[in-house]
Amino acid sequence: METDKQDFFKRVHQVAKLIPEGRVTNYGAIAKYLGAAKSARIVGYAMNASHGDISIPAHRVVNRIGMLSGKHHFDGTNLMQQLLESEGVHVKDNQVQNFDEIYWDPTKEL
DNA sequence: TACCTGACGCCAA
DNA sequence: CTTGGCGCCAGGT
(Lines give C-alpha, C1' and ligand atoms only; values in the text may rest on other atoms or scores of the structure.)
Protein backbone atom coordinates (compact mmCIF):
# COMPACT_ATOMS: atom_id res chain seq x y z
CA MET A 1 0.00 0.00 0.00
CA GLU A 2 1.16 3.54 -0.61
CA THR A 3 0.04 4.54 2.83
CA ASP A 4 3.48 5.90 3.61
CA LYS A 5 3.29 8.47 0.85
CA GLN A 6 -0.15 9.64 1.80
CA ASP A 7 0.99 9.84 5.38
CA PHE A 8 3.60 12.42 4.39
CA PHE A 9 0.95 14.55 2.74
CA LYS A 10 -1.26 14.15 5.77
CA ARG A 11 1.53 15.36 8.04
CA VAL A 12 2.09 18.39 5.86
CA HIS A 13 -1.59 19.22 6.06
CA GLN A 14 -1.46 18.83 9.81
CA VAL A 15 1.45 21.24 10.16
CA ALA A 16 -0.15 23.72 7.79
CA LYS A 17 -3.21 23.83 10.02
CA LEU A 18 -0.97 24.63 12.97
CA ILE A 19 0.28 27.82 11.33
CA PRO A 20 -0.97 30.73 13.49
CA GLU A 21 -3.00 33.47 11.89
CA GLY A 22 -0.94 36.38 10.65
CA ARG A 23 2.13 34.17 10.42
CA VAL A 24 3.83 32.49 7.49
CA THR A 25 6.29 29.67 7.02
CA ASN A 26 8.19 28.10 4.18
CA TYR A 27 8.08 24.67 2.56
CA GLY A 28 11.57 23.72 3.63
CA ALA A 29 10.78 24.31 7.32
CA ILE A 30 7.78 22.02 7.16
CA ALA A 31 9.74 19.40 5.25
CA LYS A 32 12.53 19.56 7.79
CA TYR A 33 10.05 19.35 10.63
CA LEU A 34 8.70 16.15 9.08
CA GLY A 35 12.23 14.82 8.73
CA ALA A 36 12.48 15.36 4.99
CA ALA A 37 14.39 18.62 4.69
CA LYS A 38 15.17 17.88 1.05
CA SER A 39 11.55 17.19 0.21
CA ALA A 40 10.44 20.80 0.22
CA ARG A 41 8.99 20.25 -3.23
CA ILE A 42 6.75 17.49 -1.94
CA VAL A 43 5.43 19.89 0.68
CA GLY A 44 4.32 22.17 -2.10
CA TYR A 45 2.69 19.20 -3.78
CA ALA A 46 0.91 18.36 -0.56
CA MET A 47 -0.34 21.93 -0.42
CA ASN A 48 -1.76 21.50 -3.87
CA ALA A 49 -3.61 18.42 -2.64
CA SER A 50 -4.82 20.33 0.39
CA HIS A 51 -5.93 23.23 -1.73
CA GLY A 52 -9.48 21.87 -1.63
CA ASP A 53 -9.48 21.88 2.15
CA ILE A 54 -10.33 25.33 3.56
CA SER A 55 -9.07 24.15 6.93
CA ILE A 56 -5.57 24.25 5.48
CA PRO A 57 -4.25 27.81 5.14
CA ALA A 58 -1.98 27.12 2.20
CA HIS A 59 -1.71 30.87 1.65
CA ARG A 60 0.36 31.05 4.84
CA VAL A 61 3.00 28.88 3.26
CA VAL A 62 5.54 30.61 1.07
CA ASN A 63 9.01 29.82 -0.17
CA ARG A 64 12.18 30.52 1.80
CA ILE A 65 12.44 34.11 0.57
CA GLY A 66 8.86 34.94 1.54
CA MET A 67 7.63 35.09 -2.02
CA LEU A 68 4.11 33.94 -2.89
CA SER A 69 5.35 31.32 -5.27
CA GLY A 70 2.04 29.49 -5.02
CA LYS A 71 -0.31 32.42 -5.53
CA HIS A 72 -0.55 31.40 -9.13
CA HIS A 73 -2.30 28.21 -8.07
CA PHE A 74 -5.11 29.93 -6.23
CA ASP A 75 -8.43 30.68 -7.85
CA GLY A 76 -7.85 34.37 -8.38
CA THR A 77 -4.64 36.06 -9.39
CA ASN A 78 -4.22 37.76 -6.05
CA LEU A 79 -6.43 35.64 -3.82
CA MET A 80 -3.47 34.42 -1.81
CA GLN A 81 -2.31 37.97 -1.21
CA GLN A 82 -5.83 39.01 -0.25
CA LEU A 83 -6.02 36.26 2.34
CA LEU A 84 -2.65 37.17 3.81
CA GLU A 85 -3.43 40.86 4.02
CA SER A 86 -6.77 39.95 5.53
CA GLU A 87 -4.82 38.38 8.38
CA GLY A 88 -2.56 41.37 8.75
CA VAL A 89 0.27 40.09 6.58
CA HIS A 90 1.46 42.81 4.25
CA VAL A 91 2.32 41.57 0.79
CA LYS A 92 3.84 43.52 -2.06
CA ASP A 93 4.77 42.30 -5.50
CA ASN A 94 4.14 38.67 -4.54
CA GLN A 95 6.54 39.19 -1.67
CA VAL A 96 5.76 39.06 2.05
CA GLN A 97 6.79 42.18 3.94
CA ASN A 98 8.48 41.90 7.37
CA PHE A 99 8.81 38.23 6.55
CA ASP A 100 11.50 37.95 9.20
CA GLU A 101 9.06 39.13 11.88
CA ILE A 102 6.03 37.04 10.99
CA TYR A 103 8.03 33.99 10.04
CA TRP A 104 6.80 30.90 11.91
CA ASP A 105 9.21 28.01 12.23
CA PRO A 106 7.57 24.67 13.20
CA THR A 107 10.92 23.27 14.28
CA LYS A 108 11.19 26.13 16.77
CA GLU A 109 7.60 26.86 17.72
CA LEU A 110 6.76 23.19 18.04
C1' DT B 1 7.09 1.24 -17.96
C1' DA B 2 9.75 5.52 -18.76
C1' DC B 3 10.26 10.45 -19.12
C1' DC B 4 9.05 15.20 -17.72
C1' DT B 5 7.33 18.62 -14.89
C1' DG B 6 6.62 20.87 -10.53
C1' DA B 7 3.53 25.73 -4.59
C1' DC B 8 11.62 24.38 -3.17
C1' DG B 9 16.25 24.59 -1.25
C1' DC B 10 21.13 24.49 -1.10
C1' DC B 11 25.85 24.35 -3.16
C1' DA B 12 29.13 25.66 -6.63
C1' DA B 13 31.10 28.55 -10.21
C1' DC C 1 26.92 39.42 -5.13
C1' DT C 2 24.37 36.98 -9.11
C1' DT C 3 23.26 33.04 -11.91
C1' DG C 4 23.12 28.07 -12.87
C1' DG C 5 22.76 23.32 -11.77
C1' DC C 6 21.57 19.29 -8.92
C1' DG C 7 18.77 16.67 -5.58
C1' DC C 8 14.41 15.33 -3.42
C1' DC C 9 9.56 12.73 -4.04
C1' DA C 10 5.21 12.28 -6.26
C1' DG C 11 1.97 12.57 -9.99
C1' DG C 12 0.58 12.97 -14.82
C1' DT C 13 1.12 11.85 -19.68
# chains A, B, ... in the order shown; residues from 1 in each chain; ligands from 1
>>> interface_residues(of="chain A", to="chain C", cutoff="6 Å", atoms="only C-alpha atoms (C1' of nucleotides)", output="list in words")
Lys38, Ser39 and Ile42 of chain A
>>> interface_residues(of="chain B", to="chain A", cutoff="8 Å", atoms="only C-alpha atoms (C1' of nucleotides)", output="list in words")
DG6, DA7, DC8 and DG9 of chain B
>>> atom_distance(atom1="CA of Ala16 (chain A)", atom2="CA of Arg60 (chain A)")
7.9 Å
>>> atom_distance(atom1="CA of Val91 (chain A)", atom2="CA of Thr107 (chain A)")
24.3 Å
>>> atom_distance(atom1="CA of Ser55 (chain A)", atom2="CA of Arg11 (chain A)")
13.8 Å
>>> select_by_dssp(residues="chain A", states="strand (DSSP E)", output="PyMOL selection string")
chain A and resi 25-26+61-62+91-92+95-96
